[in-house]
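What follows is the content of query_19.txt, which has compact mmCIF, C-alpha atoms and all ligand atoms:
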```
# COMPACT_ATOMS: atom_id res chain seq x y z
CA MET A 102 103.12 271.40 30.91
CA LEU A 103 103.09 273.21 34.23
CA ASN A 104 105.21 271.60 36.91
CA LYS A 105 103.88 272.70 40.30
CA THR A 106 107.11 271.82 42.05
CA ARG A 107 108.92 274.17 39.71
CA TRP A 108 106.19 276.85 39.82
CA PRO A 109 103.89 276.60 42.88
CA PHE A 110 102.93 280.29 42.50
CA PRO A 111 100.06 282.06 40.71
CA ARG A 112 100.51 282.16 36.93
CA ILE A 113 98.89 285.51 36.13
CA ILE A 114 100.18 288.26 38.38
CA ALA A 115 98.99 291.86 38.73
CA HIS A 116 101.77 294.39 38.08
CA ARG A 117 102.58 297.07 40.69
CA GLY A 118 99.57 296.02 42.76
CA GLY A 119 96.51 296.86 40.73
CA GLY A 120 97.96 297.38 37.25
CA THR A 121 96.08 300.13 35.45
CA LEU A 122 93.12 299.96 37.86
CA GLY A 123 94.72 302.15 40.51
CA PRO A 124 97.81 304.08 41.54
CA GLU A 125 100.85 301.81 41.46
CA ASN A 126 102.41 300.44 44.64
CA THR A 127 99.64 301.61 46.97
CA LEU A 128 97.35 299.75 49.35
CA VAL A 129 94.29 300.67 47.28
CA GLY A 130 96.10 299.24 44.26
CA LEU A 131 96.66 295.96 46.09
CA ARG A 132 92.98 295.87 47.07
CA LEU A 133 91.91 296.57 43.48
CA GLY A 134 94.15 293.77 42.21
CA ALA A 135 92.58 291.39 44.70
CA ALA A 136 89.05 292.59 43.85
CA ALA A 137 89.77 291.94 40.16
CA GLY A 138 90.33 288.28 41.03
CA PHE A 139 94.11 288.25 41.20
CA GLY A 140 95.57 286.02 43.90
CA GLY A 141 99.12 287.09 43.08
CA LEU A 142 100.47 290.63 42.97
CA GLU A 143 103.86 292.09 42.07
CA PHE A 144 105.01 295.29 43.76
CA ASP A 145 108.24 297.27 44.09
CA VAL A 146 110.05 297.89 47.38
CA ARG A 147 112.95 300.23 48.16
CA LEU A 148 114.48 301.72 51.30
CA ALA A 149 113.44 305.08 52.68
CA ARG A 150 115.54 306.98 55.20
CA HIS A 151 116.61 304.97 58.26
CA GLY A 152 116.36 301.79 56.23
CA VAL A 153 112.57 301.45 56.32
CA PRO A 154 111.26 299.67 53.20
CA VAL A 155 108.36 301.30 51.37
CA LEU A 156 106.48 300.58 48.15
CA MET A 157 107.97 302.75 45.42
CA HIS A 158 109.16 302.01 41.90
CA ASP A 159 111.34 305.05 41.21
CA ALA A 160 114.30 306.38 43.18
CA THR A 161 112.43 309.69 43.49
CA VAL A 162 108.89 310.47 44.56
CA ASP A 163 108.37 312.87 41.65
CA ARG A 164 106.34 310.72 39.24
CA THR A 165 103.93 309.04 41.65
CA THR A 166 103.37 311.58 44.44
CA ASP A 167 102.83 315.29 44.88
CA GLY A 168 106.35 315.65 46.33
CA ARG A 169 109.81 316.10 44.89
CA GLY A 170 113.12 314.44 45.68
CA ALA A 171 114.77 311.16 46.54
CA VAL A 172 112.90 308.45 48.45
CA VAL A 173 115.98 307.82 50.58
CA ASP A 174 116.00 311.45 51.81
CA ARG A 175 112.63 311.04 53.58
CA ASP A 176 111.62 308.76 56.41
CA ALA A 177 108.47 306.67 56.27
CA ALA A 178 106.47 309.25 58.25
CA GLU A 179 107.47 312.03 55.83
CA LEU A 180 106.58 309.82 52.86
CA ARG A 181 103.19 309.18 54.46
CA GLN A 182 102.44 312.91 54.24
CA LEU A 183 102.66 312.75 50.44
CA ASP A 184 99.69 312.12 48.20
CA ALA A 185 100.42 308.99 46.17
CA GLY A 186 96.98 308.78 44.53
CA SER A 187 96.02 312.10 42.96
CA TRP A 188 98.49 311.77 40.05
CA PHE A 189 96.44 308.74 38.97
CA GLY A 190 92.93 310.06 39.53
CA ASN A 191 90.83 312.31 41.74
CA GLU A 192 89.13 309.35 43.39
CA PHE A 193 92.51 308.30 44.81
CA VAL A 194 93.38 311.60 46.50
CA GLY A 195 94.89 310.99 49.92
CA GLU A 196 96.34 307.56 49.18
CA HIS A 197 99.66 307.13 50.98
CA VAL A 198 103.06 305.67 50.18
CA PRO A 199 102.77 302.43 52.16
CA THR A 200 105.48 300.84 54.21
CA PHE A 201 106.41 297.37 53.05
CA ASP A 202 105.27 296.10 56.43
CA SER A 203 101.74 297.46 55.91
CA ALA A 204 101.54 296.08 52.36
CA ALA A 205 102.81 292.65 53.37
CA THR A 206 100.38 292.57 56.28
CA LEU A 207 97.51 293.45 53.92
CA CYS A 208 98.57 290.62 51.61
CA ARG A 209 98.51 288.22 54.54
CA THR A 210 95.11 289.49 55.66
CA LEU A 211 93.63 289.11 52.17
CA GLY A 212 95.40 285.81 51.48
CA LEU A 213 97.37 287.26 48.58
CA TRP A 214 100.62 285.87 47.26
CA ALA A 215 103.34 288.44 46.56
CA ASN A 216 106.18 288.82 44.09
CA ILE A 217 108.27 291.35 46.00
CA GLU A 218 110.63 293.21 43.68
CA LEU A 219 113.69 294.63 45.43
CA LYS A 220 114.58 298.01 43.93
CA ALA A 221 117.95 299.47 44.87
CA GLU A 222 120.89 301.40 43.57
CA GLU A 223 124.09 299.44 44.17
CA ALA A 224 125.11 301.32 47.34
CA ALA A 225 121.87 300.33 49.08
CA ALA A 226 121.38 296.93 47.46
CA ALA A 227 122.75 294.71 50.23
CA ASP A 228 120.77 296.54 52.93
CA THR A 229 117.64 296.39 50.77
CA GLY A 230 117.92 292.64 50.23
CA ARG A 231 118.68 291.94 53.89
CA ILE A 232 116.00 294.18 55.42
CA VAL A 233 113.18 293.29 53.03
CA ALA A 234 113.91 289.56 53.20
CA GLN A 235 113.91 289.64 57.00
CA GLN A 236 110.60 291.51 57.11
CA ALA A 237 109.07 289.28 54.45
CA ALA A 238 110.08 286.16 56.36
CA ARG A 239 108.57 287.59 59.54
CA VAL A 240 105.27 288.78 58.05
CA PHE A 241 104.64 285.91 55.63
CA GLY A 242 105.90 283.26 58.06
CA ASP A 243 104.76 279.85 56.89
CA ALA A 244 102.52 281.17 54.08
CA SER A 245 102.24 278.63 51.28
CA PRO A 246 103.37 279.29 48.68
CA ALA A 247 106.02 281.61 50.11
CA PRO A 248 106.43 285.06 48.53
CA LEU A 249 108.93 285.32 45.69
CA LEU A 250 111.68 287.94 45.99
CA SER A 251 112.95 289.22 42.66
CA SER A 252 115.46 291.85 41.62
CA PHE A 253 117.63 293.20 38.84
CA SER A 254 120.24 293.58 41.62
CA GLU A 255 122.26 290.45 42.23
CA THR A 256 123.72 292.13 45.32
CA ALA A 257 120.23 292.46 46.79
CA LEU A 258 119.36 288.85 45.98
CA ALA A 259 122.61 287.60 47.52
CA ALA A 260 121.89 289.53 50.74
CA ALA A 261 118.34 288.13 50.82
CA LYS A 262 119.74 284.62 50.42
CA ASP A 263 122.10 285.15 53.36
CA VAL A 264 119.37 286.15 55.83
CA ALA A 265 116.36 284.22 54.53
CA PRO A 266 117.66 281.34 52.41
CA ASP A 267 114.27 279.61 52.37
CA LEU A 268 112.47 282.51 50.67
CA PRO A 269 112.43 281.81 46.93
CA ARG A 270 114.34 284.20 44.68
CA GLY A 271 114.04 285.18 41.02
CA LEU A 272 116.66 286.96 38.92
CA LEU A 273 115.18 289.81 36.89
CA VAL A 274 116.75 290.70 33.55
CA GLU A 275 115.53 292.45 30.45
CA THR A 276 117.03 289.96 27.99
CA PRO A 277 118.67 286.87 29.48
CA PRO A 278 122.48 287.19 29.40
CA ALA A 279 124.51 284.30 28.04
CA ASP A 280 125.50 283.26 31.58
CA TRP A 281 122.00 283.27 33.14
CA ARG A 282 122.48 279.66 34.29
CA ALA A 283 125.59 280.48 36.33
CA ARG A 284 124.09 283.68 37.74
CA THR A 285 120.85 282.05 38.87
CA GLN A 286 122.72 279.07 40.28
CA THR A 287 125.06 281.27 42.35
CA LEU A 288 122.05 283.07 43.82
CA GLY A 289 120.10 279.86 44.42
CA CYS A 290 117.25 281.21 42.30
CA ARG A 291 113.97 279.44 41.67
CA SER A 292 113.17 281.50 38.61
CA LEU A 293 114.32 283.78 35.84
CA HIS A 294 112.18 286.84 34.98
CA CYS A 295 112.56 288.58 31.63
CA ARG A 296 110.76 290.85 29.18
CA HIS A 297 108.07 289.00 27.30
CA ASP A 298 109.54 289.94 23.92
CA ALA A 299 112.75 288.11 24.88
CA VAL A 300 110.86 284.82 25.40
CA THR A 301 111.11 282.01 22.86
CA PRO A 302 110.07 278.37 23.10
CA GLU A 303 113.78 277.50 23.17
CA LEU A 304 114.40 279.80 26.14
CA ILE A 305 111.47 278.27 28.04
CA ALA A 306 112.84 274.77 27.42
CA ALA A 307 116.35 275.77 28.50
CA VAL A 308 115.12 277.47 31.68
CA HIS A 309 113.00 274.44 32.54
CA ASP A 310 115.97 272.15 31.85
CA ALA A 311 117.91 274.20 34.39
CA GLY A 312 115.15 273.45 36.93
CA LEU A 313 113.88 277.04 37.00
CA GLY A 314 110.57 278.73 36.33
CA LEU A 315 110.31 281.50 33.71
CA LEU A 316 108.20 284.62 34.33
CA ALA A 317 107.57 287.17 31.57
CA TYR A 318 106.79 290.86 32.09
CA THR A 319 104.83 292.98 31.24
CA VAL A 320 102.22 291.16 29.12
CA ASN A 321 99.29 293.44 28.39
CA ASP A 322 97.86 291.75 25.29
CA PRO A 323 95.68 288.65 25.92
CA GLY A 324 96.73 287.13 22.59
CA ARG A 325 100.38 287.38 23.54
CA ALA A 326 99.58 285.90 26.95
CA MET A 327 97.99 282.86 25.33
CA VAL A 328 100.96 282.36 22.99
CA LEU A 329 103.30 282.41 25.98
CA PHE A 330 101.14 279.95 27.91
CA GLU A 331 100.90 277.65 24.91
CA TRP A 332 104.69 277.73 24.70
CA GLY A 333 104.82 276.70 28.36
CA ILE A 334 105.67 279.91 30.21
CA ASP A 335 105.19 279.50 33.96
CA ALA A 336 103.84 282.99 34.72
CA ILE A 337 103.19 286.43 33.35
CA VAL A 338 102.90 289.85 34.98
CA THR A 339 100.25 292.20 33.55
CA ASP A 340 98.94 295.74 33.91
CA GLU A 341 95.70 294.95 32.09
CA LEU A 342 93.72 293.22 34.80
CA LYS A 343 90.47 293.35 32.86
CA ALA A 344 91.84 292.07 29.54
CA VAL A 345 94.48 289.59 30.78
CA ARG A 346 92.26 288.21 33.47
CA ALA A 347 93.26 285.97 36.32
CA ASP A 348 90.98 283.26 34.97
CA LEU A 349 92.37 283.43 31.41
CA LEU A 350 93.94 279.98 31.65
CA ALA A 351 90.73 278.30 32.73
CA GLN A 352 88.82 280.16 30.02
CA TYR A 353 91.04 278.59 27.38
CA GLY A 354 90.85 275.14 28.92
CA LEU A 355 94.43 275.21 30.15
CA GLU A 356 95.50 274.54 33.69
CA PRO A 357 93.81 276.98 36.08
CA PRO A 358 95.81 279.53 38.02
CA VAL A 359 96.69 278.65 41.62
O1 LIG B 401 108.95 292.36 37.97
C1 LIG B 401 108.56 292.66 36.69
C2 LIG B 401 108.54 294.15 36.46
O2 LIG B 401 107.90 294.78 37.53
C3 LIG B 401 109.91 294.72 36.27
O3 LIG B 401 109.88 296.01 35.79
O4 LIG B 401 110.19 298.42 36.03
O5 LIG B 401 107.91 297.45 36.26
O6 LIG B 401 109.58 297.10 38.04
P1 LIG B 401 109.36 297.29 36.56
MG MG B 402 108.43 295.80 39.35
```

Write-out of the structure in structure tokens:
Amino acid sequence: MLNKTRWPFPRIIAHRGGGTLGPENTLVGLRLGAAAGFGGLEFDVRLARHGVPVLMHDATVDRTTDGRGAVVDRDAAELRQLDAGSWFGNEFVGEHVPTFDSAATLCRTLGLWANIELKAEEAAAADTGRIVAQQAARVFGDASPAPLLSSFSETALAAAKDVAPDLPRGLLVETPPADWRARTQTLGCRSLHCRHDAVTPELIAAVHDAGLGLLAYTVNDPGRAMVLFEWGIDAIVTDELKAVRADLLAQYGLEPPV
């Protein structure tokens, strides 16, 4: 049974903005996710040169732009010169690497909820958590529900907690470690996020007993999504926005997404 105090957020979340509908971590991707009916989007944020956060999954621009090299070696204006759309499809030529500020502002404008994933190598993790949390608090203000910051980096989450303690946090892991309770408690987390193939009914019960929500990534098969929801998962992240639709829960007579 969904507990809205434990999980006040959307339950089916588009991965990297628009999933497979558009180039990841771009403004057009966010718009495509919204147009597909998704009220909640996950995207990845890391620091460019001079500490400006931008949307980017990898530490280098190689895979998702027409450039080469480390994100941190370019400032936001230099990143804006790169083409972040053509690798995905000709119709996306000219799409930019967005700043976090522009993506967060678009979410606010469109009324979208965000799961903001903090990406950082350890040396930059504290700065990443601090800077992104401060900007998120400023742009999202009193949005309800508040955006959810998540990270594999406990350093980043701790820094976010220091500067914006009221912004909810989720600890990202692949498979939950034995001490996930202590780790999430230290970081004041609201949720634990893990790979969907690590989820069991027992894990869901234990996470709920700890007062946390459980989010599973990346669930691209609708049948698997329904199994997870029947087990009581709080939320899933998906690339397949047409197959694992935002209204899947309502379609199956379960509680509708927020
Ligand atoms: O937050 C869930 C998921 O996005 C984590 O994996 O590599 O796609 O950022 P990744
Ligand atoms: Mg991510």

Can you pull out every residue within 8 Å of Arg231 (chain A), counting all atoms listed in the file, but drop anything in the same chain fewer than 2 positions away, and send it as an MDAnalysis selection string?
chainID A and resid 227:229 233:235 257 260:261 263:264

Length of the CA of Phe193 (chain A) to CA of Asp322 (chain A) vector [Å]:
26.1 Å

Would you work out the distance separating CA of Trp214 (chain A) from CA of Glu255 (chain A), expressed in Å to one decimal?
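Atom-to-atom, CA of Trp214 (chain A) to CA of Glu255 (chain A), that is 22.7 Å.
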
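Each of A:Leu103, A:Gly152, A:Ser203, A:Ala283 was checked against Ile305 (chain A) using all atoms listed in the file; the smallest atom-to-atom distance is that of A:Leu103.
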
Give the residue list for ligand MG 402 (chain B) at 7 Å, counting all atoms listed in the file, as number ranges by chain, sorted by chain and then by residue number.
A: 116-117, 143-145, 158, 218

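Taking CA of Arg181 (chain A) as the reference point, CA of Thr256 (chain A) is found at 28.2 Å.
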
May I have the residues within 10 Å of region 163-169 of chain A as a PyMOL selection string, using all atoms listed in the file and disregarding those fewer than 3 positions away in the same chain?
chain A and resi 124-126+157-160+172+180+182-189+196-198

Report as a list in words which protein, DNA and RNA residues come within 9 Å of ligand LIG 401 (chain B), using only C-alpha atoms and all ligand atoms.
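Taking only C-alpha atoms and all ligand atoms into account, the residues around ligand LIG 401 (chain B) at most 9 Å away are His116, Arg117, Glu143, Phe144, Asp145, His158, Asp159, Asn216, Ile217, Glu218, Leu219, Lys220, Ser251, Ser252, Phe253, Leu273, Val274, Glu275, His294, Cys295, Arg296, Leu316, Ala317, Tyr318, Thr319, Ile337, Val338 and Thr339 of chain A.
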
Would you list the contacts of Trp108 (chain A) as a PDB file with C-alpha atoms, keeping the file's coordinate frame, taking every protein, DNA or RNA residue within 7 Å and counting all atoms listed in the file, but skipping same-chain residues closer than 2 positions in sequence?
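Below is the file out22.pdb, written as the result:
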```
ATOM      1  CA  ASN A 104     105.210 271.600  36.910  1.00  0.00           C
ATOM      2  CA  LYS A 105     103.880 272.700  40.300  1.00  0.00           C
ATOM      3  CA  THR A 106     107.110 271.820  42.050  1.00  0.00           C
ATOM      4  CA  PHE A 110     102.930 280.290  42.500  1.00  0.00           C
ATOM      5  CA  GLY A 314     110.570 278.730  36.330  1.00  0.00           C
ATOM      6  CA  ASP A 335     105.190 279.500  33.960  1.00  0.00           C
TER       7      ASP A 335
END
```

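Restricting the calculation to only C-alpha atoms, the smallest distance between Gly195 (chain A) and any of A:Ala178, A:Leu288, A:Val129, A:Gly118 is found for A:Val129.
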
I need the residue nearest Pro277 (chain A) from this list: A:Val146, A:Val308, A:Leu350, A:Val320. Use only C-alpha atoms for the distance.
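Selected residue with least distance to Pro277 (chain A): A:Val308.
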
Nearest to Val162 (chain A) among A:Ala149, A:Leu293, A:Ile114, A:Leu268, with distances taken over all atoms listed in the file: which residue is it?
A:Ala149

Enclose the full set of atoms of region 322-340 of chain A listed in the file within a box whose edges lie along x, y and z, apply 8 Å of padding to each of the six sides, and report centre and edge lengths in Å to one decimal as lines of an AutoDock Vina configuration file.
```
center_x = 100.7
center_y = 286.2
center_z = 28.8
size_x = 26.0
size_y = 35.0
size_z = 28.4
```
